[in-house]
>>> print(open('upload.txt').read())   # compact mmCIF, N, CA and C atoms
# COMPACT_ATOMS: atom_id res chain seq x y z
N MET A 1 0.84 -1.18 0.00
CA MET A 1 0.00 0.00 0.00
C MET A 1 0.89 1.24 0.00
N THR A 2 0.50 2.21 -0.77
CA THR A 2 1.23 3.47 -0.78
C THR A 2 0.64 4.39 0.28
N THR A 3 1.34 5.47 0.53
CA THR A 3 0.83 6.47 1.46
C THR A 3 -0.09 7.41 0.69
N ASN A 4 -1.27 7.67 1.24
CA ASN A 4 -2.25 8.53 0.60
C ASN A 4 -2.37 9.86 1.35
N LEU A 5 -2.58 10.92 0.59
CA LEU A 5 -2.83 12.25 1.13
C LEU A 5 -4.15 12.70 0.51
N ASN A 6 -5.16 12.97 1.35
CA ASN A 6 -6.46 13.34 0.81
C ASN A 6 -7.23 14.22 1.79
N PRO A 7 -8.26 14.93 1.28
CA PRO A 7 -9.08 15.76 2.17
C PRO A 7 -9.98 14.90 3.04
N TYR A 8 -10.28 15.41 4.22
CA TYR A 8 -11.19 14.78 5.17
C TYR A 8 -12.15 15.86 5.64
N ILE A 9 -13.44 15.69 5.37
CA ILE A 9 -14.44 16.71 5.67
C ILE A 9 -15.23 16.30 6.91
N SER A 10 -15.44 17.26 7.79
CA SER A 10 -16.27 17.03 8.97
C SER A 10 -17.64 17.65 8.76
N PHE A 11 -18.66 16.94 9.21
CA PHE A 11 -20.03 17.41 9.11
C PHE A 11 -20.66 17.38 10.49
N ARG A 12 -21.82 18.00 10.61
CA ARG A 12 -22.59 17.92 11.85
C ARG A 12 -23.90 17.24 11.50
N ASP A 13 -23.95 15.93 11.72
CA ASP A 13 -25.16 15.12 11.58
C ASP A 13 -25.61 14.82 10.16
N ASN A 14 -24.86 15.22 9.13
CA ASN A 14 -25.33 14.92 7.77
C ASN A 14 -24.23 14.36 6.86
N ALA A 15 -23.23 13.69 7.43
CA ALA A 15 -22.17 13.09 6.63
C ALA A 15 -22.72 12.03 5.68
N LYS A 16 -23.67 11.24 6.14
CA LYS A 16 -24.24 10.18 5.30
C LYS A 16 -24.89 10.78 4.05
N GLU A 17 -25.69 11.81 4.25
CA GLU A 17 -26.36 12.48 3.14
C GLU A 17 -25.35 13.15 2.20
N ALA A 18 -24.36 13.83 2.79
CA ALA A 18 -23.36 14.53 1.98
C ALA A 18 -22.55 13.56 1.14
N MET A 19 -22.12 12.44 1.73
CA MET A 19 -21.30 11.50 0.99
C MET A 19 -22.11 10.79 -0.11
N ALA A 20 -23.40 10.55 0.12
CA ALA A 20 -24.25 10.00 -0.95
C ALA A 20 -24.33 11.00 -2.11
N PHE A 21 -24.41 12.28 -1.78
CA PHE A 21 -24.42 13.31 -2.82
C PHE A 21 -23.10 13.29 -3.60
N TYR A 22 -21.96 13.25 -2.90
CA TYR A 22 -20.67 13.24 -3.59
C TYR A 22 -20.52 11.98 -4.44
N GLN A 23 -21.07 10.86 -3.99
CA GLN A 23 -21.03 9.65 -4.79
C GLN A 23 -21.85 9.84 -6.07
N SER A 24 -22.97 10.56 -5.97
CA SER A 24 -23.78 10.80 -7.17
C SER A 24 -23.05 11.69 -8.17
N VAL A 25 -22.17 12.54 -7.68
CA VAL A 25 -21.39 13.44 -8.55
C VAL A 25 -20.18 12.72 -9.14
N PHE A 26 -19.39 12.03 -8.29
CA PHE A 26 -18.11 11.46 -8.71
C PHE A 26 -18.18 9.98 -9.05
N GLY A 27 -19.25 9.29 -8.64
CA GLY A 27 -19.31 7.84 -8.80
C GLY A 27 -18.44 7.17 -7.76
N GLY A 28 -18.13 5.92 -7.95
CA GLY A 28 -17.22 5.22 -7.07
C GLY A 28 -17.91 4.41 -5.99
N GLU A 29 -17.09 3.82 -5.15
CA GLU A 29 -17.56 2.96 -4.06
C GLU A 29 -17.53 3.72 -2.75
N LEU A 30 -18.65 3.72 -2.05
CA LEU A 30 -18.79 4.43 -0.78
C LEU A 30 -18.89 3.42 0.36
N THR A 31 -18.01 3.56 1.35
CA THR A 31 -18.09 2.75 2.56
C THR A 31 -18.32 3.68 3.74
N GLN A 32 -19.11 3.22 4.70
CA GLN A 32 -19.41 4.05 5.87
C GLN A 32 -19.51 3.17 7.11
N SER A 33 -19.02 3.70 8.23
CA SER A 33 -19.12 3.03 9.52
C SER A 33 -19.71 4.02 10.52
N THR A 34 -20.56 3.53 11.41
CA THR A 34 -21.18 4.40 12.41
C THR A 34 -20.40 4.35 13.72
N PHE A 35 -20.68 5.33 14.57
CA PHE A 35 -20.09 5.33 15.91
C PHE A 35 -20.49 4.08 16.68
N ALA A 36 -21.74 3.63 16.52
CA ALA A 36 -22.21 2.44 17.24
C ALA A 36 -21.43 1.19 16.84
N GLU A 37 -21.08 1.06 15.57
CA GLU A 37 -20.35 -0.12 15.12
C GLU A 37 -19.03 -0.30 15.84
N PHE A 38 -18.41 0.81 16.23
CA PHE A 38 -17.11 0.73 16.91
C PHE A 38 -17.19 1.12 18.38
N HIS A 39 -18.41 1.25 18.90
CA HIS A 39 -18.60 1.65 20.30
C HIS A 39 -17.75 2.89 20.60
N ALA A 40 -17.82 3.87 19.67
CA ALA A 40 -16.94 5.04 19.73
C ALA A 40 -17.57 6.25 20.39
N SER A 41 -18.79 6.11 20.92
CA SER A 41 -19.43 7.23 21.60
C SER A 41 -20.25 6.72 22.77
N GLU A 42 -20.18 7.47 23.87
CA GLU A 42 -20.98 7.14 25.05
C GLU A 42 -22.40 7.67 24.89
N ASP A 43 -22.62 8.56 23.92
CA ASP A 43 -23.91 9.22 23.71
C ASP A 43 -24.76 8.37 22.76
N PRO A 44 -25.86 7.77 23.26
CA PRO A 44 -26.71 6.94 22.40
C PRO A 44 -27.26 7.69 21.18
N ALA A 45 -27.40 9.01 21.29
CA ALA A 45 -27.91 9.81 20.17
C ALA A 45 -26.92 9.85 19.01
N GLU A 46 -25.68 9.45 19.25
CA GLU A 46 -24.66 9.48 18.20
C GLU A 46 -24.45 8.13 17.52
N GLY A 47 -25.19 7.12 17.93
CA GLY A 47 -24.98 5.77 17.40
C GLY A 47 -25.05 5.66 15.89
N ASP A 48 -26.00 6.35 15.27
CA ASP A 48 -26.17 6.26 13.82
C ASP A 48 -25.34 7.28 13.05
N LYS A 49 -24.63 8.15 13.77
CA LYS A 49 -23.77 9.12 13.08
C LYS A 49 -22.60 8.39 12.42
N ILE A 50 -22.08 8.99 11.38
CA ILE A 50 -20.98 8.39 10.63
C ILE A 50 -19.65 8.70 11.32
N MET A 51 -18.95 7.63 11.74
CA MET A 51 -17.63 7.79 12.34
C MET A 51 -16.56 7.91 11.27
N HIS A 52 -16.76 7.19 10.16
CA HIS A 52 -15.80 7.26 9.06
C HIS A 52 -16.51 6.85 7.77
N SER A 53 -16.24 7.63 6.73
CA SER A 53 -16.80 7.36 5.41
C SER A 53 -15.70 7.59 4.38
N ALA A 54 -15.64 6.74 3.38
CA ALA A 54 -14.64 6.89 2.32
C ALA A 54 -15.29 6.64 0.97
N LEU A 55 -15.05 7.55 0.05
CA LEU A 55 -15.51 7.42 -1.32
C LEU A 55 -14.28 7.28 -2.21
N LYS A 56 -14.16 6.10 -2.86
CA LYS A 56 -13.04 5.83 -3.76
C LYS A 56 -13.59 5.68 -5.16
N THR A 57 -13.00 6.42 -6.10
CA THR A 57 -13.48 6.34 -7.48
C THR A 57 -12.50 5.59 -8.36
N ASP A 58 -12.98 5.13 -9.51
CA ASP A 58 -12.14 4.43 -10.48
C ASP A 58 -11.05 5.35 -11.02
N LYS A 59 -11.24 6.65 -10.95
CA LYS A 59 -10.27 7.62 -11.45
C LYS A 59 -9.20 7.94 -10.42
N GLY A 60 -9.26 7.31 -9.24
CA GLY A 60 -8.24 7.52 -8.22
C GLY A 60 -8.55 8.61 -7.21
N LEU A 61 -9.77 9.16 -7.24
CA LEU A 61 -10.14 10.16 -6.25
C LEU A 61 -10.46 9.48 -4.93
N LEU A 62 -10.10 10.13 -3.83
CA LEU A 62 -10.41 9.61 -2.50
C LEU A 62 -10.89 10.78 -1.65
N LEU A 63 -12.10 10.68 -1.14
CA LEU A 63 -12.68 11.69 -0.27
C LEU A 63 -13.16 10.98 0.98
N MET A 64 -12.79 11.52 2.14
CA MET A 64 -13.21 10.93 3.41
C MET A 64 -14.00 11.96 4.20
N ALA A 65 -14.86 11.45 5.09
CA ALA A 65 -15.70 12.34 5.89
C ALA A 65 -16.18 11.63 7.14
N ALA A 66 -16.70 12.43 8.08
CA ALA A 66 -17.29 11.91 9.31
C ALA A 66 -18.20 12.96 9.91
N ASP A 67 -19.10 12.51 10.78
CA ASP A 67 -19.87 13.45 11.59
C ASP A 67 -19.03 13.84 12.80
N THR A 68 -19.09 15.10 13.16
CA THR A 68 -18.39 15.60 14.34
C THR A 68 -19.21 15.24 15.58
N PRO A 69 -18.60 14.60 16.58
CA PRO A 69 -19.35 14.29 17.80
C PRO A 69 -19.90 15.58 18.45
N ASN A 70 -21.02 15.43 19.14
CA ASN A 70 -21.65 16.59 19.79
C ASN A 70 -20.72 17.29 20.77
N SER A 71 -19.79 16.55 21.37
CA SER A 71 -18.89 17.13 22.37
C SER A 71 -17.76 17.96 21.75
N MET A 72 -17.63 17.94 20.43
CA MET A 72 -16.54 18.67 19.76
C MET A 72 -17.09 19.88 19.02
N ASP A 73 -16.27 20.94 18.96
CA ASP A 73 -16.64 22.14 18.22
C ASP A 73 -16.78 21.83 16.74
N TYR A 74 -17.70 22.54 16.11
CA TYR A 74 -17.91 22.39 14.68
C TYR A 74 -18.19 23.77 14.11
N SER A 75 -17.42 24.16 13.10
CA SER A 75 -17.63 25.42 12.40
C SER A 75 -17.65 25.15 10.91
N GLN A 76 -18.81 25.36 10.29
CA GLN A 76 -18.88 25.18 8.85
C GLN A 76 -17.93 26.17 8.20
N GLY A 77 -17.13 25.69 7.25
CA GLY A 77 -16.11 26.52 6.62
C GLY A 77 -14.72 26.20 7.16
N ASN A 78 -14.66 25.73 8.40
CA ASN A 78 -13.39 25.28 8.99
C ASN A 78 -13.47 23.78 9.29
N ASN A 79 -14.22 23.07 8.49
CA ASN A 79 -14.49 21.67 8.76
C ASN A 79 -13.71 20.72 7.85
N PHE A 80 -12.48 21.10 7.54
CA PHE A 80 -11.63 20.28 6.69
C PHE A 80 -10.33 19.94 7.41
N SER A 81 -9.82 18.76 7.14
CA SER A 81 -8.49 18.38 7.59
C SER A 81 -7.82 17.63 6.45
N VAL A 82 -6.56 17.31 6.65
CA VAL A 82 -5.81 16.55 5.67
C VAL A 82 -5.50 15.19 6.29
N SER A 83 -5.76 14.14 5.54
CA SER A 83 -5.54 12.78 6.03
C SER A 83 -4.30 12.19 5.37
N LEU A 84 -3.43 11.61 6.20
CA LEU A 84 -2.29 10.82 5.73
C LEU A 84 -2.56 9.39 6.17
N SER A 85 -2.53 8.45 5.24
CA SER A 85 -2.80 7.07 5.61
C SER A 85 -1.97 6.12 4.77
N GLY A 86 -1.69 4.97 5.35
CA GLY A 86 -0.91 3.95 4.66
C GLY A 86 -0.55 2.86 5.63
N ASP A 87 0.39 2.00 5.22
CA ASP A 87 0.78 0.89 6.09
C ASP A 87 2.24 0.95 6.53
N ASP A 88 2.98 1.96 6.11
CA ASP A 88 4.38 2.09 6.50
C ASP A 88 4.46 2.94 7.78
N GLU A 89 4.47 2.25 8.92
CA GLU A 89 4.42 2.94 10.20
C GLU A 89 5.60 3.89 10.39
N ALA A 90 6.79 3.47 10.03
CA ALA A 90 7.97 4.33 10.21
C ALA A 90 7.82 5.63 9.39
N GLU A 91 7.38 5.50 8.16
CA GLU A 91 7.20 6.67 7.31
C GLU A 91 6.15 7.61 7.89
N LEU A 92 5.01 7.05 8.27
CA LEU A 92 3.92 7.88 8.77
C LEU A 92 4.24 8.50 10.13
N ARG A 93 4.95 7.77 10.99
CA ARG A 93 5.37 8.36 12.27
C ARG A 93 6.37 9.49 12.04
N GLY A 94 7.20 9.36 11.02
CA GLY A 94 8.13 10.44 10.68
C GLY A 94 7.38 11.70 10.26
N TYR A 95 6.35 11.53 9.43
CA TYR A 95 5.51 12.67 9.06
C TYR A 95 4.83 13.25 10.29
N TRP A 96 4.29 12.37 11.13
CA TRP A 96 3.61 12.79 12.37
C TRP A 96 4.55 13.65 13.22
N ASP A 97 5.76 13.16 13.44
CA ASP A 97 6.71 13.90 14.27
C ASP A 97 7.02 15.27 13.67
N GLY A 98 7.20 15.32 12.37
CA GLY A 98 7.47 16.60 11.72
C GLY A 98 6.30 17.56 11.82
N LEU A 99 5.09 17.07 11.59
CA LEU A 99 3.90 17.92 11.66
C LEU A 99 3.61 18.37 13.09
N ALA A 100 3.93 17.52 14.08
CA ALA A 100 3.66 17.85 15.48
C ALA A 100 4.64 18.89 16.03
N ASP A 101 5.79 19.05 15.40
CA ASP A 101 6.80 20.00 15.87
C ASP A 101 6.22 21.42 15.84
N GLY A 102 6.01 22.00 17.00
CA GLY A 102 5.44 23.34 17.10
C GLY A 102 3.93 23.36 17.03
N GLY A 103 3.32 22.18 16.87
CA GLY A 103 1.87 22.09 16.76
C GLY A 103 1.24 21.59 18.05
N THR A 104 -0.03 21.19 17.95
CA THR A 104 -0.78 20.71 19.10
C THR A 104 -1.39 19.35 18.78
N VAL A 105 -1.03 18.36 19.56
CA VAL A 105 -1.60 17.02 19.39
C VAL A 105 -2.96 17.01 20.06
N THR A 106 -4.00 16.65 19.30
CA THR A 106 -5.35 16.60 19.86
C THR A 106 -5.77 15.17 20.20
N VAL A 107 -5.26 14.19 19.47
CA VAL A 107 -5.46 12.77 19.78
C VAL A 107 -4.10 12.10 19.58
N PRO A 108 -3.50 11.58 20.66
CA PRO A 108 -2.19 10.94 20.53
C PRO A 108 -2.23 9.78 19.53
N MET A 109 -1.10 9.57 18.88
CA MET A 109 -1.01 8.49 17.89
C MET A 109 -0.85 7.17 18.63
N GLU A 110 -1.95 6.39 18.64
CA GLU A 110 -1.95 5.11 19.34
C GLU A 110 -3.00 4.19 18.71
N LYS A 111 -3.05 2.97 19.20
CA LYS A 111 -3.99 1.98 18.63
C LYS A 111 -5.42 2.46 18.82
N ALA A 112 -6.18 2.41 17.73
CA ALA A 112 -7.58 2.87 17.72
C ALA A 112 -8.53 1.67 17.82
N PRO A 113 -9.81 1.92 18.15
CA PRO A 113 -10.77 0.81 18.27
C PRO A 113 -10.91 -0.04 17.01
N TRP A 114 -10.61 0.54 15.85
CA TRP A 114 -10.75 -0.23 14.60
C TRP A 114 -9.47 -1.00 14.26
N GLY A 115 -8.47 -0.96 15.14
CA GLY A 115 -7.29 -1.78 14.97
C GLY A 115 -6.08 -1.10 14.36
N ASP A 116 -6.25 0.09 13.83
CA ASP A 116 -5.14 0.83 13.24
C ASP A 116 -4.48 1.70 14.30
N ILE A 117 -3.35 2.29 13.96
CA ILE A 117 -2.71 3.31 14.79
C ILE A 117 -3.17 4.65 14.22
N PHE A 118 -3.70 5.51 15.08
CA PHE A 118 -4.34 6.74 14.62
C PHE A 118 -4.02 7.90 15.56
N GLY A 119 -3.88 9.09 14.97
CA GLY A 119 -3.70 10.29 15.76
C GLY A 119 -4.19 11.52 15.02
N MET A 120 -4.46 12.58 15.78
CA MET A 120 -4.89 13.85 15.20
C MET A 120 -4.06 14.97 15.81
N LEU A 121 -3.74 15.97 14.97
CA LEU A 121 -2.99 17.12 15.46
C LEU A 121 -3.30 18.33 14.60
N THR A 122 -2.97 19.49 15.14
CA THR A 122 -3.03 20.73 14.39
C THR A 122 -1.61 21.25 14.31
N ASP A 123 -1.12 21.47 13.09
CA ASP A 123 0.27 21.91 12.95
C ASP A 123 0.41 23.38 13.34
N LYS A 124 1.65 23.86 13.33
CA LYS A 124 1.92 25.22 13.78
C LYS A 124 1.31 26.30 12.89
N PHE A 125 0.77 25.89 11.73
CA PHE A 125 0.11 26.85 10.84
C PHE A 125 -1.41 26.77 10.94
N GLY A 126 -1.91 25.95 11.87
CA GLY A 126 -3.35 25.84 12.07
C GLY A 126 -4.04 24.82 11.20
N VAL A 127 -3.28 24.00 10.48
CA VAL A 127 -3.86 22.97 9.62
C VAL A 127 -4.09 21.69 10.43
N ALA A 128 -5.31 21.16 10.36
CA ALA A 128 -5.64 19.93 11.07
C ALA A 128 -5.23 18.71 10.23
N TRP A 129 -4.59 17.74 10.89
CA TRP A 129 -4.11 16.52 10.23
C TRP A 129 -4.64 15.29 10.95
N LEU A 130 -4.93 14.25 10.18
CA LEU A 130 -5.28 12.92 10.67
C LEU A 130 -4.23 11.97 10.12
N VAL A 131 -3.62 11.15 10.96
CA VAL A 131 -2.63 10.18 10.49
C VAL A 131 -3.10 8.79 10.91
N ASN A 132 -3.18 7.88 9.94
CA ASN A 132 -3.67 6.52 10.19
C ASN A 132 -2.72 5.51 9.57
N VAL A 133 -2.20 4.61 10.42
CA VAL A 133 -1.37 3.50 9.96
C VAL A 133 -2.24 2.26 9.96
N SER A 134 -2.43 1.67 8.80
CA SER A 134 -3.29 0.49 8.68
C SER A 134 -2.73 -0.65 9.50
N GLY A 135 -3.64 -1.34 10.21
CA GLY A 135 -3.26 -2.51 10.99
C GLY A 135 -3.02 -3.70 10.09
N GLU A 136 -2.59 -4.80 10.70
CA GLU A 136 -2.37 -6.01 9.92
C GLU A 136 -3.70 -6.48 9.34
N GLN A 137 -3.68 -6.81 8.08
CA GLN A 137 -4.88 -7.29 7.41
C GLN A 137 -5.03 -8.79 7.65
N PRO A 138 -6.27 -9.26 7.85
CA PRO A 138 -6.47 -10.69 8.07
C PRO A 138 -6.02 -11.52 6.87
N GLN A 139 -5.46 -12.68 7.13
CA GLN A 139 -5.01 -13.57 6.05
C GLN A 139 -6.23 -14.23 5.42
N GLN A 140 -6.18 -14.36 4.10
CA GLN A 140 -7.32 -14.99 3.40
C GLN A 140 -6.93 -16.35 2.89
>>> encode(input="upload.txt", output="structure tokens")
Amino acid sequence: MTTNLNPYISFRDNAKEAMAFYQSVFGGELTQSTFAEFHASEDPAEGDKIMHSALKTDKGLLLMAADTPNSMDYSQGNNFSVSLSGDDEAELRGYWDGLADGGTVTVPMEKAPWGDIFGMLTDKFGVAWLVNVSGEQPQQ
């Protein structure tokens, strides 16, 4: 797997609708997981919200999105981050360390409920980043 760099959009309660719209525009395969599927929220009202959504097109476009939990700030217009993802942990941790220098770590880079290593930070220029190292894939 190569390392991917793509936009990640945050929504407030309408990620599912928005990503269906983007799929109608760009085509491709849409996958979505809810907060309930990963037991990622203590708030029962958030169970059906989208924790992670990815739209991959045949042309190589990748757009990701999620609903912002009620406990987190949300500002339309400032609801974008940049996602770095792949399976080369050393490479991605190197990027993480560089981006974190002078920035603010909002979620430490550690094992996530979905099995990957994940972290969030805002760099010294105010850009929000998500870094995800894919976990071991099951043998088939």
>>> closest_residue(input="upload.txt", among="A:Asn70, A:Ala36, A:Asp87, A:Phe26", to="A:Thr57", atoms="all atoms listed in the file")
A:Phe26
>>> atom_distance(input="upload.txt", atom1="atom CA of A:Thr122", atom2="atom CA of A:Phe80")
11.6 Å
>>> residues_near_point(input="upload.txt", point="(-21.5, 2.1, 13.7)", cutoff="8 Å", atoms="only N, CA and C atoms", output="ChimeraX atom specification")
/A:32-40,46-52
>>> closest_residue(input="upload.txt", among="A:Ala66, A:Ile117, A:Val25, A:Leu55", to="A:Arg12", atoms="only N, CA and C atoms")
A:Ala66
>>> residues_around(input="upload.txt", residues="A:Val82", least_positions_apart="2", cutoff="5 Å", atoms="all atoms listed in the file", output="list in words")
Asn6, Pro7, Tyr8, Phe80, Leu84, Ala128, Trp129 and Leu130 of chain A
>>> residues_around(input="upload.txt", residues="A:Gly28", least_positions_apart="5", cutoff="8 Å", atoms="all atoms listed in the file", output="list in words")
Tyr22, Gln23, Ala54, Leu55, Lys56, Thr57, Asp58 and Lys59 of chain A
>>> closest_residue(input="upload.txt", among="A:Asp67, A:Glu42, A:Asp88, A:Asp13", to="A:Val133", atoms="only N, CA and C atoms")
A:Asp88
>>> closest_residue(input="upload.txt", among="A:Ser41, A:Asn4, A:Thr106, A:Ser24", to="A:Leu62", atoms="only C-alpha atoms")
A:Asn4
>>> select_by_dssp(input="upload.txt", residues="chain A", states="strand (DSSP E or B)", output="MDAnalysis selection string")
chainID A and resid 4:11 29:34 50:56 62:67 80:86 104:111 117:122 128:133
>>> closest_residue(input="upload.txt", among="A:Glu29, A:Glu91, A:Lys16, A:Val131", to="A:Met109", atoms="all atoms listed in the file")
A:Val131
>>> decode(input="upload.txt", residues="stretch 26-38 of chain A", atoms="N, CA, C and O atoms", output="compact mmCIF listing (two decimals), in the first residue's frame")
# COMPACT_ATOMS: atom_id res chain seq x y z
N PHE A 26 -19.39 12.03 -8.29
CA PHE A 26 -18.11 11.46 -8.71
C PHE A 26 -18.18 9.98 -9.05
O PHE A 26 -17.25 9.44 -9.65
N GLY A 27 -19.25 9.29 -8.64
CA GLY A 27 -19.31 7.84 -8.80
C GLY A 27 -18.44 7.17 -7.76
O GLY A 27 -18.05 7.79 -6.78
N GLY A 28 -18.13 5.92 -7.95
CA GLY A 28 -17.22 5.22 -7.07
C GLY A 28 -17.91 4.41 -5.99
O GLY A 28 -19.14 4.30 -5.95
N GLU A 29 -17.09 3.82 -5.15
CA GLU A 29 -17.56 2.96 -4.06
C GLU A 29 -17.53 3.72 -2.75
O GLU A 29 -16.50 4.29 -2.37
N LEU A 30 -18.65 3.72 -2.05
CA LEU A 30 -18.79 4.43 -0.78
C LEU A 30 -18.89 3.42 0.36
O LEU A 30 -19.73 2.52 0.32
N THR A 31 -18.01 3.56 1.35
CA THR A 31 -18.09 2.75 2.56
C THR A 31 -18.32 3.68 3.74
O THR A 31 -17.78 4.80 3.76
N GLN A 32 -19.11 3.22 4.70
CA GLN A 32 -19.41 4.05 5.87
C GLN A 32 -19.51 3.17 7.11
O GLN A 32 -20.03 2.06 7.05
N SER A 33 -19.02 3.70 8.23
CA SER A 33 -19.12 3.03 9.52
C SER A 33 -19.71 4.02 10.52
O SER A 33 -19.36 5.21 10.51
N THR A 34 -20.56 3.53 11.41
CA THR A 34 -21.18 4.40 12.41
C THR A 34 -20.40 4.35 13.72
O THR A 34 -19.60 3.45 13.95
N PHE A 35 -20.68 5.33 14.57
CA PHE A 35 -20.09 5.33 15.91
C PHE A 35 -20.49 4.08 16.68
O PHE A 35 -19.68 3.51 17.41
N ALA A 36 -21.74 3.63 16.52
CA ALA A 36 -22.21 2.44 17.24
C ALA A 36 -21.43 1.19 16.84
O ALA A 36 -21.13 0.36 17.70
N GLU A 37 -21.08 1.06 15.57
CA GLU A 37 -20.35 -0.12 15.12
C GLU A 37 -19.03 -0.30 15.84
O GLU A 37 -18.56 -1.42 16.01
N PHE A 38 -18.41 0.81 16.23
CA PHE A 38 -17.11 0.73 16.91
C PHE A 38 -17.19 1.12 18.38
O PHE A 38 -16.16 1.32 19.01
